[in-house]
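Report on one structure; see the data block that follows.
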Amino acid sequence: MKKHLMAFGAALLLSVGGLQARTFTWSASSDALSMDPYSTNNTFTNAFMGNIYEGLVRFNDKVQIEPALAESWSALSPTLWRFKLRRGVKFHNGEAMTADDVVFSWQRVMTPGSIAKMNLGDVKDVRKVDAFTVDVETRAPFPLLLNELLNLVIMSRSWCEKNNATQASDLKQKKENHANRSTNGTGPFMLKSRAVDVRTVLVANPDWWDKPGHNLSEVVFTPIQSDATRTSSLLSGALDASVSVPLQDTQRISSSGAFTVVQGPELRTIFLGMDQFRDELLYSGVKGRNPFKDLRVRKALYQAIDVEAIKRSVMRGQSWPAGMILSPLLNGAPRELNTRLLPFHAEAAKKLLAEAGYPEGFAVGMQCPNNRYVYDEQICLAIVSMLGRVGIRVTPQLEPMSKFHVRLNTMDVSLYMIGHAGLPMADAYAQLFDTLATRSDTQGGLNAGRYSNPALDALLPKIATELDSTRRSALIAEVVAIARNDFAYLPLHQQPVTWAARKGVDLRQGPDNQLRLWLVSVPG
């Protein structure tokens with residue numbers, strides 16, 4: 001420990017890229033949900049933890065695969081890949097990383113509380129060959145294995161065993177362990193202190209295997225739910241950057257002269273889901289039946305929502321109305337299907353409701369996060385008003401993402417908002433698998449409404465194993481067409497990535513909306 005602290009102290013005296021190392025302060029609208037990288041599939045949490053834990057491969061800021069804890073790999077057969085591990089990698093407690101840790105991590109990610117395992121369903125096994133070589137076997141030929149392995153971050157076997165954390169923290173069952181509060185990764189930053197929803201402090205890892213692209217000694221993260229407070233904290237100089245900038249504040253921040261706004265399209269699509277499984281909705285005035293099982297009702301909701309009005313009045317013109325739940329920028333997405341299937345038409349919606357047996361409409365609860373997506377609460381309230389005009393009386397249930405995440409995992413929903421960016425794989429298949437596959441322990445992790453279509457389910461394994469890109473794209477388009485015609489979800493829009501930083505701070509923004517601290521630099 002003494003040697004480790006001396007090394008860290010020496011690191012503070014170093015200059016990286018010609019700039020003196022220093023503290024970086026930043027904020028977002030919500031906190032990371034857990035320090036256990038397997039316990040959630042929340043995009044912000046995954047991004048935050050990517051600065052502490054690492055996988056065999058990683059994305060760069062262009063969302064391109066590059067080596068991480070594996071320095072090379074090769075396919076031994078269509079279903080067997082061999083990975084050569086990087087030598088000299090150390091966990092934050094000083095222990096060396098070996099193949100035993102990789103195999104252990106695979107075993108831990110498959111434990112009951114793990115949510116990450118839902119994104120590793122195509123991997124059959126991970127086996128040790130020698131101390132620095134592992135083989136990964138897939139269930140079938142799988143062209144996106146490297147992308148899928150982004151979900152398998154490597155944890156220390158001995159550290160987990162010592163701290164009784166050999167199983168993933170189960171947030172759904174409220175079964176936490178040491179790994180939910182403490183960390184021991186291999187990444188560029190180490191956890192120094194954490195107060196949930198208040199403040200998390202990281203320090204630079206002086207023994208990181210990679211060459212730092214940052215010049216930071218310490219990182220202070222402060223989640224601030226209030227848009228107004230977050231912006232005022234930025235403009236006052238209390239923060240160097242914010243990755244949750246309210247659209248109404250971009251002009252004020254830009255005109256301040258001291259800050260720069262960085263904006264671009266995000267891979268994330270925002271859409272509404274519906275409980276299509278229960279015979280009676282949990283939150284509804286309708287007893288003995290489920291309105292959302294009726295295609296006409298789902299169509300009615302689709303036509304009752306004016307996405308152009310949401311863009312104009314809520315999103316300040318800074319959104320891209322969607323015709324499908326996939327961003328057209330995702331790998332494999334059928335751009336030609338990103339058109340609205342039916343026009344906004346309130347009278348047509350009323351007619352459909354009457355045909356379905358609801359001439360006076362019905363009452364339903366709507367579950368929405370209020371600190372996760374851009375203007376999520378305002379969007380939900382706008383939709384409440386729109387649906388009210390056709391007779392659907394909506395009671396909004398607004399809550400922070402920490403609670404909403406548990407609600408999704410337990411399928412405690414009737415009508416709900418959700419967003420997906422096809423991450424961490426950055427591929428259309430990842431999003432289709434998460435949101436459209438019939439829900440089970442290994443698939444459909446974000447299909448909280450439990451939509452199910454056997455014909456669609458049969459196509460997903462074909463997409464997963466198809467090596468020909470043309471045929472694969474055709475299969476993806478077929479799945480998207482089925483979901484659109486079923487009105488499985490009600491797509492709204494792609495939201496913008498809007499960050500702001502003090503002038504001179506380089507954030508290296510990517511379309512996946514992930515802040516890679518190892519690429520951040522601040523002026524001296």
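Starting from 1 in every chain, residues are counted up; chains themselves are A, B, ... following the order of the structure tokens, and ligands are numbered from 1 as listed.
The residues of segment 252-341 of chain A that DSSP classifies as strand (DSSP E), using the backbone of this structure, are Phe259, Thr260, Val261, Val262, Gln263, Gly264, Pro265, Glu266, Leu267, Arg268, Thr269, Ile270, Phe271, Leu272, Gly273, Met274, Trp320 and Pro321 of chain A.
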Any idea what's packed within 7 Å of segment 513-524 of chain A, counting only C-alpha atoms, ignoring anything in its chain fewer than 4 positions away? Could you give it as an MDAnalysis selection string?
chainID A and resid 19:20 47 51 188 212:216 266 497 504:509
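Take the candidates A:Ile379, A:Val153, A:Leu398, A:Met274 and check each one against Ser452 of chain A using only C-alpha atoms; the shortest distance goes to A:Met274.
For segment 113-178 of chain A, the set of residues given alpha helix (DSSP H) by DSSP on the backbone reads Leu145, Leu146, Asn147, Glu148, Arg157, Ser158, Trp159, Cys160, Glu161 and Lys162 of chain A.
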Residue subset to file, keeping C-alpha atoms, as a short mmCIF file (atom, residue, chain, number, x, y, z; two decimals), in the first residue's frame:
```cif
data_model
loop_
_atom_site.label_atom_id
_atom_site.label_comp_id
_atom_site.auth_asym_id
_atom_site.auth_seq_id
_atom_site.Cartn_x
_atom_site.Cartn_y
_atom_site.Cartn_z
CA LEU A 145 -18.78 -11.21 -30.61
CA LEU A 146 -16.35 -8.34 -30.00
CA ASN A 147 -19.25 -5.92 -29.57
CA GLU A 148 -21.01 -8.32 -27.21
CA ARG A 157 -11.36 -13.22 -8.56
CA SER A 158 -9.40 -12.94 -5.32
CA TRP A 159 -10.90 -9.54 -4.43
CA CYS A 160 -14.46 -10.78 -4.97
CA GLU A 161 -13.79 -13.95 -2.98
CA LYS A 162 -12.20 -12.00 -0.13
#
```
Quick one: residues within 12 Å of Val384 of chain A, only C-alpha atoms counted, chain neighbours fewer than 3 positions away excluded, as a PDB file with N, CA, C and O atoms, in the first residue's frame?
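In the end it all went to selection02.pdb:
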```
ATOM      1  N   LEU A 301     -53.229   5.091 -29.839  1.00  0.00           N
ATOM      2  CA  LEU A 301     -52.228   5.860 -29.109  1.00  0.00           C
ATOM      3  C   LEU A 301     -51.206   6.454 -30.058  1.00  0.00           C
ATOM      4  O   LEU A 301     -50.779   7.607 -29.915  1.00  0.00           O
ATOM      5  N   ALA A 304     -52.663   9.408 -31.748  1.00  0.00           N
ATOM      6  CA  ALA A 304     -53.035  10.486 -30.837  1.00  0.00           C
ATOM      7  C   ALA A 304     -51.842  11.341 -30.421  1.00  0.00           C
ATOM      8  O   ALA A 304     -52.010  12.445 -29.900  1.00  0.00           O
ATOM      9  N   ILE A 305     -50.625  10.830 -30.643  1.00  0.00           N
ATOM     10  CA  ILE A 305     -49.412  11.532 -30.212  1.00  0.00           C
ATOM     11  C   ILE A 305     -48.803  12.296 -31.381  1.00  0.00           C
ATOM     12  O   ILE A 305     -48.467  11.715 -32.424  1.00  0.00           O
ATOM     13  N   ASP A 306     -48.666  13.588 -31.229  1.00  0.00           N
ATOM     14  CA  ASP A 306     -48.119  14.468 -32.263  1.00  0.00           C
ATOM     15  C   ASP A 306     -46.617  14.660 -31.998  1.00  0.00           C
ATOM     16  O   ASP A 306     -46.218  15.513 -31.200  1.00  0.00           O
ATOM     17  N   ILE A 310     -44.192  17.722 -30.207  1.00  0.00           N
ATOM     18  CA  ILE A 310     -43.210  17.475 -29.150  1.00  0.00           C
ATOM     19  C   ILE A 310     -41.858  18.064 -29.548  1.00  0.00           C
ATOM     20  O   ILE A 310     -41.177  18.716 -28.746  1.00  0.00           O
ATOM     21  N   ALA A 363     -58.927   4.988 -18.415  1.00  0.00           N
ATOM     22  CA  ALA A 363     -57.901   5.571 -17.548  1.00  0.00           C
ATOM     23  C   ALA A 363     -56.718   4.616 -17.432  1.00  0.00           C
ATOM     24  O   ALA A 363     -56.893   3.398 -17.378  1.00  0.00           O
ATOM     25  N   VAL A 364     -55.519   5.187 -17.383  1.00  0.00           N
ATOM     26  CA  VAL A 364     -54.312   4.362 -17.272  1.00  0.00           C
ATOM     27  C   VAL A 364     -53.198   5.176 -16.611  1.00  0.00           C
ATOM     28  O   VAL A 364     -53.133   6.397 -16.764  1.00  0.00           O
ATOM     29  N   GLY A 365     -52.341   4.495 -15.860  1.00  0.00           N
ATOM     30  CA  GLY A 365     -51.163   5.133 -15.281  1.00  0.00           C
ATOM     31  C   GLY A 365     -49.995   5.065 -16.249  1.00  0.00           C
ATOM     32  O   GLY A 365     -49.834   4.078 -16.968  1.00  0.00           O
ATOM     33  N   MET A 366     -49.207   6.127 -16.277  1.00  0.00           N
ATOM     34  CA  MET A 366     -48.052   6.203 -17.183  1.00  0.00           C
ATOM     35  C   MET A 366     -46.789   6.412 -16.367  1.00  0.00           C
ATOM     36  O   MET A 366     -46.667   7.380 -15.619  1.00  0.00           O
ATOM     37  N   GLN A 367     -45.829   5.500 -16.507  1.00  0.00           N
ATOM     38  CA  GLN A 367     -44.602   5.528 -15.722  1.00  0.00           C
ATOM     39  C   GLN A 367     -43.471   6.167 -16.534  1.00  0.00           C
ATOM     40  O   GLN A 367     -43.183   5.721 -17.656  1.00  0.00           O
ATOM     41  N   CYS A 368     -42.842   7.175 -15.959  1.00  0.00           N
ATOM     42  CA  CYS A 368     -41.791   7.916 -16.660  1.00  0.00           C
ATOM     43  C   CYS A 368     -40.648   8.271 -15.709  1.00  0.00           C
ATOM     44  O   CYS A 368     -40.907   8.662 -14.562  1.00  0.00           O
ATOM     45  N   GLU A 377     -39.604  14.349 -18.341  1.00  0.00           N
ATOM     46  CA  GLU A 377     -40.838  14.682 -17.634  1.00  0.00           C
ATOM     47  C   GLU A 377     -41.762  15.545 -18.490  1.00  0.00           C
ATOM     48  O   GLU A 377     -42.975  15.309 -18.569  1.00  0.00           O
ATOM     49  N   GLN A 378     -41.177  16.526 -19.183  1.00  0.00           N
ATOM     50  CA  GLN A 378     -41.986  17.410 -20.023  1.00  0.00           C
ATOM     51  C   GLN A 378     -42.622  16.649 -21.184  1.00  0.00           C
ATOM     52  O   GLN A 378     -43.766  16.919 -21.571  1.00  0.00           O
ATOM     53  N   ILE A 379     -41.875  15.702 -21.756  1.00  0.00           N
ATOM     54  CA  ILE A 379     -42.427  14.885 -22.845  1.00  0.00           C
ATOM     55  C   ILE A 379     -43.617  14.082 -22.342  1.00  0.00           C
ATOM     56  O   ILE A 379     -44.676  14.020 -22.996  1.00  0.00           O
ATOM     57  N   CYS A 380     -43.464  13.463 -21.184  1.00  0.00           N
ATOM     58  CA  CYS A 380     -44.543  12.647 -20.638  1.00  0.00           C
ATOM     59  C   CYS A 380     -45.786  13.495 -20.356  1.00  0.00           C
ATOM     60  O   CYS A 380     -46.914  13.073 -20.652  1.00  0.00           O
ATOM     61  N   LEU A 381     -45.588  14.677 -19.821  1.00  0.00           N
ATOM     62  CA  LEU A 381     -46.736  15.537 -19.527  1.00  0.00           C
ATOM     63  C   LEU A 381     -47.416  16.007 -20.811  1.00  0.00           C
ATOM     64  O   LEU A 381     -48.655  16.146 -20.859  1.00  0.00           O
ATOM     65  N   LEU A 387     -53.083  12.492 -25.167  1.00  0.00           N
ATOM     66  CA  LEU A 387     -53.938  11.320 -25.018  1.00  0.00           C
ATOM     67  C   LEU A 387     -55.276  11.703 -24.389  1.00  0.00           C
ATOM     68  O   LEU A 387     -56.315  11.094 -24.687  1.00  0.00           O
ATOM     69  N   GLY A 388     -55.257  12.715 -23.538  1.00  0.00           N
ATOM     70  CA  GLY A 388     -56.496  13.167 -22.918  1.00  0.00           C
ATOM     71  C   GLY A 388     -57.495  13.675 -23.939  1.00  0.00           C
ATOM     72  O   GLY A 388     -58.717  13.557 -23.742  1.00  0.00           O
ATOM     73  N   ARG A 389     -56.996  14.216 -25.044  1.00  0.00           N
ATOM     74  CA  ARG A 389     -57.884  14.763 -26.076  1.00  0.00           C
ATOM     75  C   ARG A 389     -58.656  13.683 -26.822  1.00  0.00           C
ATOM     76  O   ARG A 389     -59.637  13.977 -27.484  1.00  0.00           O
ATOM     77  N   VAL A 390     -58.197  12.435 -26.725  1.00  0.00           N
ATOM     78  CA  VAL A 390     -58.923  11.350 -27.393  1.00  0.00           C
ATOM     79  C   VAL A 390     -59.628  10.450 -26.383  1.00  0.00           C
ATOM     80  O   VAL A 390     -60.145   9.398 -26.739  1.00  0.00           O
ATOM     81  N   GLY A 391     -59.624  10.867 -25.126  1.00  0.00           N
ATOM     82  CA  GLY A 391     -60.369  10.130 -24.116  1.00  0.00           C
ATOM     83  C   GLY A 391     -59.562   9.212 -23.230  1.00  0.00           C
ATOM     84  O   GLY A 391     -60.112   8.550 -22.345  1.00  0.00           O
ATOM     85  N   ILE A 392     -58.258   9.156 -23.436  1.00  0.00           N
ATOM     86  CA  ILE A 392     -57.413   8.320 -22.581  1.00  0.00           C
ATOM     87  C   ILE A 392     -56.916   9.183 -21.424  1.00  0.00           C
ATOM     88  O   ILE A 392     -56.113  10.096 -21.607  1.00  0.00           O
ATOM     89  N   ARG A 393     -57.423   8.894 -20.257  1.00  0.00           N
ATOM     90  CA  ARG A 393     -57.140   9.712 -19.067  1.00  0.00           C
ATOM     91  C   ARG A 393     -55.919   9.123 -18.354  1.00  0.00           C
ATOM     92  O   ARG A 393     -56.000   8.074 -17.706  1.00  0.00           O
ATOM     93  N   VAL A 394     -54.817   9.834 -18.467  1.00  0.00           N
ATOM     94  CA  VAL A 394     -53.526   9.315 -17.998  1.00  0.00           C
ATOM     95  C   VAL A 394     -53.145   9.942 -16.658  1.00  0.00           C
ATOM     96  O   VAL A 394     -53.189  11.165 -16.499  1.00  0.00           O
ATOM     97  N   THR A 395     -52.776   9.097 -15.731  1.00  0.00           N
ATOM     98  CA  THR A 395     -52.198   9.556 -14.462  1.00  0.00           C
ATOM     99  C   THR A 395     -50.686   9.377 -14.543  1.00  0.00           C
ATOM    100  O   THR A 395     -50.194   8.246 -14.576  1.00  0.00           O
ATOM    101  N   PRO A 396     -49.921  10.464 -14.614  1.00  0.00           N
ATOM    102  CA  PRO A 396     -48.466  10.323 -14.722  1.00  0.00           C
ATOM    103  C   PRO A 396     -47.841   9.877 -13.408  1.00  0.00           C
ATOM    104  O   PRO A 396     -48.232  10.350 -12.333  1.00  0.00           O
ATOM    105  N   GLN A 397     -46.905   8.956 -13.494  1.00  0.00           N
ATOM    106  CA  GLN A 397     -46.130   8.500 -12.347  1.00  0.00           C
ATOM    107  C   GLN A 397     -44.664   8.796 -12.655  1.00  0.00           C
ATOM    108  O   GLN A 397     -44.002   8.042 -13.362  1.00  0.00           O
ATOM    109  N   LEU A 398     -44.180   9.929 -12.146  1.00  0.00           N
ATOM    110  CA  LEU A 398     -42.844  10.427 -12.461  1.00  0.00           C
ATOM    111  C   LEU A 398     -41.903  10.122 -11.311  1.00  0.00           C
ATOM    112  O   LEU A 398     -42.241  10.376 -10.147  1.00  0.00           O
ATOM    113  N   LEU A 415     -48.166   1.756 -19.053  1.00  0.00           N
ATOM    114  CA  LEU A 415     -47.742   2.569 -20.196  1.00  0.00           C
ATOM    115  C   LEU A 415     -46.504   3.309 -19.722  1.00  0.00           C
ATOM    116  O   LEU A 415     -46.533   3.948 -18.673  1.00  0.00           O
ATOM    117  N   TYR A 416     -45.410   3.220 -20.443  1.00  0.00           N
ATOM    118  CA  TYR A 416     -44.159   3.731 -19.894  1.00  0.00           C
ATOM    119  C   TYR A 416     -43.234   4.269 -20.975  1.00  0.00           C
ATOM    120  O   TYR A 416     -43.309   3.888 -22.143  1.00  0.00           O
ATOM    121  N   MET A 417     -42.357   5.171 -20.559  1.00  0.00           N
ATOM    122  CA  MET A 417     -41.340   5.725 -21.453  1.00  0.00           C
ATOM    123  C   MET A 417     -40.037   4.968 -21.285  1.00  0.00           C
ATOM    124  O   MET A 417     -39.656   4.595 -20.176  1.00  0.00           O
TER     125      MET A 417
END
```
Excluding segment 75-89 of chain A and its own-chain neighbours fewer than 5 positions away, which residues fall within 12 Å of it when counting only C-alpha atoms? Please give them as a compact mmCIF listing (two decimals) with N, CA, C and O atoms, in the first residue's frame.
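The result, written out as result.txt:
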```txt
# COMPACT_ATOMS: atom_id res chain seq x y z
N GLU A 54 -12.69 -2.48 -17.06
CA GLU A 54 -12.45 -2.63 -18.49
C GLU A 54 -12.78 -4.05 -18.94
O GLU A 54 -12.80 -4.99 -18.14
N GLY A 55 -13.02 -4.18 -20.23
CA GLY A 55 -13.24 -5.48 -20.83
C GLY A 55 -12.07 -5.89 -21.70
O GLY A 55 -11.04 -5.22 -21.75
N LEU A 56 -12.25 -6.99 -22.42
CA LEU A 56 -11.20 -7.43 -23.34
C LEU A 56 -11.02 -6.44 -24.48
O LEU A 56 -9.93 -6.26 -25.00
N VAL A 57 -12.13 -5.79 -24.87
CA VAL A 57 -12.09 -4.77 -25.91
C VAL A 57 -12.86 -3.55 -25.41
O VAL A 57 -13.54 -3.61 -24.38
N PRO A 67 -8.49 -2.79 -29.05
CA PRO A 67 -8.04 -3.69 -27.98
C PRO A 67 -8.03 -2.99 -26.62
O PRO A 67 -7.77 -1.80 -26.52
N ALA A 68 -8.31 -3.77 -25.58
CA ALA A 68 -8.20 -3.26 -24.21
C ALA A 68 -7.41 -4.29 -23.40
O ALA A 68 -6.20 -4.40 -23.58
N LEU A 69 -8.06 -5.10 -22.57
CA LEU A 69 -7.32 -6.08 -21.78
C LEU A 69 -6.87 -7.27 -22.62
O LEU A 69 -6.01 -8.03 -22.20
N ALA A 70 -7.45 -7.44 -23.80
CA ALA A 70 -6.91 -8.39 -24.77
C ALA A 70 -6.14 -7.59 -25.81
O ALA A 70 -6.66 -6.61 -26.35
N GLY A 94 -3.32 -3.64 -6.88
CA GLY A 94 -1.95 -4.05 -7.17
C GLY A 94 -1.79 -5.47 -7.66
O GLY A 94 -0.70 -5.86 -8.09
N GLU A 95 -2.83 -6.28 -7.62
CA GLU A 95 -2.74 -7.67 -8.06
C GLU A 95 -2.73 -7.74 -9.59
O GLU A 95 -3.37 -6.93 -10.28
N ALA A 96 -2.02 -8.72 -10.11
CA ALA A 96 -1.93 -8.90 -11.56
C ALA A 96 -3.21 -9.54 -12.10
O ALA A 96 -3.82 -10.39 -11.45
N MET A 97 -3.61 -9.11 -13.29
CA MET A 97 -4.77 -9.71 -13.95
C MET A 97 -4.29 -10.88 -14.81
O MET A 97 -3.32 -10.76 -15.57
N THR A 98 -4.99 -12.02 -14.72
CA THR A 98 -4.67 -13.20 -15.52
C THR A 98 -5.94 -13.81 -16.08
O THR A 98 -7.05 -13.34 -15.84
N ALA A 99 -5.76 -14.91 -16.80
CA ALA A 99 -6.89 -15.62 -17.38
C ALA A 99 -7.87 -16.10 -16.32
O ALA A 99 -9.08 -16.22 -16.59
N ASP A 100 -7.38 -16.40 -15.13
CA ASP A 100 -8.28 -16.84 -14.05
C ASP A 100 -9.34 -15.78 -13.75
O ASP A 100 -10.50 -16.11 -13.45
N ASP A 101 -8.94 -14.52 -13.82
CA ASP A 101 -9.90 -13.44 -13.56
C ASP A 101 -10.93 -13.33 -14.68
O ASP A 101 -12.10 -13.01 -14.42
N VAL A 102 -10.51 -13.58 -15.90
CA VAL A 102 -11.44 -13.52 -17.04
C VAL A 102 -12.49 -14.63 -16.91
O VAL A 102 -13.69 -14.39 -17.07
N ASP A 122 -25.18 -14.92 -26.46
CA ASP A 122 -24.60 -15.65 -27.59
C ASP A 122 -23.30 -16.34 -27.23
O ASP A 122 -22.75 -17.09 -28.04
N VAL A 123 -22.77 -16.06 -26.03
CA VAL A 123 -21.54 -16.70 -25.57
C VAL A 123 -21.91 -17.98 -24.81
O VAL A 123 -22.71 -17.95 -23.88
N LYS A 124 -21.29 -19.08 -25.20
CA LYS A 124 -21.56 -20.36 -24.56
C LYS A 124 -20.62 -20.62 -23.39
O LYS A 124 -21.04 -21.10 -22.33
N ASP A 125 -19.35 -20.26 -23.56
CA ASP A 125 -18.38 -20.54 -22.50
C ASP A 125 -17.13 -19.72 -22.70
O ASP A 125 -16.80 -19.29 -23.82
N VAL A 126 -16.42 -19.50 -21.59
CA VAL A 126 -15.10 -18.85 -21.60
C VAL A 126 -14.15 -19.76 -20.84
O VAL A 126 -14.41 -20.10 -19.68
N ARG A 127 -13.07 -20.18 -21.50
CA ARG A 127 -12.17 -21.18 -20.90
C ARG A 127 -10.72 -20.68 -20.91
O ARG A 127 -10.27 -20.02 -21.84
N LYS A 128 -10.00 -21.05 -19.87
CA LYS A 128 -8.58 -20.72 -19.77
C LYS A 128 -7.75 -21.68 -20.61
O LYS A 128 -7.95 -22.89 -20.58
N VAL A 129 -6.82 -21.12 -21.38
CA VAL A 129 -5.85 -21.93 -22.14
C VAL A 129 -4.53 -21.93 -21.39
O VAL A 129 -3.93 -22.98 -21.15
N ASP A 130 -4.07 -20.76 -21.03
CA ASP A 130 -2.91 -20.61 -20.14
C ASP A 130 -3.09 -19.30 -19.40
O ASP A 130 -4.15 -18.67 -19.48
N ALA A 131 -2.09 -18.87 -18.67
CA ALA A 131 -2.24 -17.72 -17.78
C ALA A 131 -2.64 -16.44 -18.51
O ALA A 131 -3.26 -15.55 -17.92
N PHE A 132 -2.31 -16.35 -19.82
CA PHE A 132 -2.62 -15.14 -20.56
C PHE A 132 -3.34 -15.43 -21.88
O PHE A 132 -3.23 -14.65 -22.83
N THR A 133 -4.08 -16.53 -21.91
CA THR A 133 -4.85 -16.87 -23.10
C THR A 133 -6.19 -17.45 -22.67
O THR A 133 -6.25 -18.29 -21.78
N VAL A 134 -7.26 -16.98 -23.31
CA VAL A 134 -8.59 -17.55 -23.06
C VAL A 134 -9.27 -17.83 -24.39
O VAL A 134 -9.02 -17.15 -25.39
N ASP A 135 -10.11 -18.85 -24.39
CA ASP A 135 -10.94 -19.16 -25.54
C ASP A 135 -12.38 -18.79 -25.21
O ASP A 135 -12.87 -19.06 -24.11
N VAL A 136 -13.05 -18.18 -26.17
CA VAL A 136 -14.47 -17.83 -26.02
C VAL A 136 -15.24 -18.61 -27.08
O VAL A 136 -14.99 -18.47 -28.27
N GLU A 137 -16.16 -19.44 -26.59
CA GLU A 137 -16.98 -20.25 -27.50
C GLU A 137 -18.37 -19.64 -27.61
O GLU A 137 -18.98 -19.29 -26.59
N THR A 138 -18.87 -19.50 -28.81
CA THR A 138 -20.21 -18.97 -29.03
C THR A 138 -21.17 -20.12 -29.35
O THR A 138 -20.75 -21.21 -29.76
N ARG A 139 -22.44 -19.87 -29.16
CA ARG A 139 -23.44 -20.92 -29.39
C ARG A 139 -23.62 -21.22 -30.88
O ARG A 139 -24.06 -22.32 -31.25
N ALA A 140 -23.30 -20.25 -31.70
CA ALA A 140 -23.41 -20.37 -33.15
C ALA A 140 -22.45 -19.34 -33.73
O ALA A 140 -21.92 -18.50 -32.99
N PRO A 141 -22.19 -19.38 -35.03
CA PRO A 141 -21.37 -18.32 -35.61
C PRO A 141 -21.96 -16.95 -35.26
O PRO A 141 -23.16 -16.72 -35.44
N PHE A 142 -21.13 -16.06 -34.74
CA PHE A 142 -21.64 -14.79 -34.22
C PHE A 142 -20.71 -13.65 -34.62
O PHE A 142 -19.65 -13.46 -34.02
N PRO A 143 -21.09 -12.89 -35.65
CA PRO A 143 -20.18 -11.86 -36.17
C PRO A 143 -19.95 -10.69 -35.23
O PRO A 143 -19.00 -9.93 -35.44
N LEU A 144 -20.79 -10.52 -34.21
CA LEU A 144 -20.68 -9.37 -33.33
C LEU A 144 -20.11 -9.73 -31.96
O LEU A 144 -20.39 -9.06 -30.97
N LEU A 145 -19.30 -10.78 -31.91
CA LEU A 145 -18.78 -11.21 -30.61
C LEU A 145 -18.01 -10.09 -29.91
O LEU A 145 -18.17 -9.87 -28.71
N LEU A 146 -17.16 -9.38 -30.63
CA LEU A 146 -16.35 -8.34 -30.00
C LEU A 146 -17.26 -7.27 -29.38
O LEU A 146 -17.01 -6.80 -28.27
N LEU A 149 -18.82 -8.64 -26.22
CA LEU A 149 -17.89 -8.76 -25.09
C LEU A 149 -17.65 -7.45 -24.37
O LEU A 149 -17.01 -7.43 -23.30
N ILE A 154 -13.88 -7.09 -16.65
CA ILE A 154 -13.11 -8.06 -15.88
C ILE A 154 -12.93 -7.60 -14.43
O ILE A 154 -12.48 -6.49 -14.15
N SER A 156 -11.61 -8.88 -10.37
CA SER A 156 -10.60 -9.70 -9.70
C SER A 156 -11.26 -10.85 -8.95
O SER A 156 -12.13 -10.63 -8.09
N GLY A 185 -11.05 -2.27 -10.23
CA GLY A 185 -10.92 -2.53 -11.66
C GLY A 185 -9.50 -2.45 -12.14
O GLY A 185 -8.55 -2.42 -11.34
N THR A 186 -9.35 -2.39 -13.45
CA THR A 186 -8.04 -2.22 -14.08
C THR A 186 -7.97 -0.90 -14.82
O THR A 186 -6.96 -0.59 -15.44
N GLY A 187 -9.05 -0.12 -14.79
CA GLY A 187 -9.19 1.04 -15.65
C GLY A 187 -8.38 2.24 -15.26
O GLY A 187 -7.64 2.25 -14.27
N PRO A 188 -8.53 3.32 -16.03
CA PRO A 188 -7.70 4.52 -15.86
C PRO A 188 -7.98 5.30 -14.59
O PRO A 188 -7.16 6.13 -14.19
N ASN A 205 -5.33 6.36 -12.08
CA ASN A 205 -4.60 5.12 -11.80
C ASN A 205 -3.17 5.27 -12.31
O ASN A 205 -2.93 5.28 -13.52
N PRO A 206 -2.19 5.38 -11.41
CA PRO A 206 -0.80 5.58 -11.85
C PRO A 206 -0.20 4.36 -12.53
O PRO A 206 0.82 4.47 -13.21
N ASP A 207 -0.82 3.19 -12.35
CA ASP A 207 -0.29 1.96 -12.93
C ASP A 207 -1.10 1.47 -14.11
O ASP A 207 -1.02 0.30 -14.48
N TRP A 208 -1.90 2.36 -14.71
CA TRP A 208 -2.73 1.95 -15.85
C TRP A 208 -1.84 1.47 -16.99
O TRP A 208 -0.80 2.07 -17.29
N TRP A 209 -2.26 0.39 -17.62
CA TRP A 209 -1.48 -0.23 -18.69
C TRP A 209 -1.38 0.64 -19.94
O TRP A 209 -0.42 0.55 -20.72
N ASP A 210 -2.38 1.52 -20.17
CA ASP A 210 -2.41 2.32 -21.39
C ASP A 210 -1.77 3.68 -21.17
O ASP A 210 -1.63 4.13 -20.03
N THR A 465 -26.40 -14.82 -36.20
CA THR A 465 -25.44 -15.75 -36.79
C THR A 465 -25.13 -15.46 -38.25
O THR A 465 -24.23 -16.09 -38.82
N GLU A 466 -25.85 -14.54 -38.87
CA GLU A 466 -25.66 -14.28 -40.30
C GLU A 466 -24.38 -13.48 -40.56
O GLU A 466 -24.21 -12.36 -40.07
N LEU A 467 -23.47 -14.08 -41.32
CA LEU A 467 -22.19 -13.45 -41.58
C LEU A 467 -22.23 -12.54 -42.81
O LEU A 467 -21.39 -11.65 -42.96
```
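Shell of segment 253-257 of chain A at 10 Å, with only C-alpha atoms counted and residues fewer than 2 places along the chain excluded, is Thr231, Ser232, Leu234, Leu235, Val245, Gln248, Asp249, Thr250, Gln251, Phe259, Thr260, Val261, Val262, Ala500, Ala501, Arg502 and Lys503 of chain A.
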All residues 10 Å or closer to Ala354 of chain A, only C-alpha atoms, same chain fewer than 6 positions away omitted, as a VMD selection string:
chain A and resid 296 to 297 300 348 360 to 361
Please report the interatomic distance between atom CA of Leu330 of chain A and atom CA of Ser402 of chain A in Å with one decimal.
26.9 Å
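Of the residues listed (A:Asn485, A:Ala28, A:Val374, A:Gln276), A:Gln276 shows the shortest atom-to-atom separation from Arg439 of chain A; distances use only C-alpha atoms.
Nearest-residue note for Met110 of chain A: choosing from A:Asp441, A:Thr498, A:Pro343, A:Met49, the minimum distance belongs to A:Asp441, counting only C-alpha atoms.
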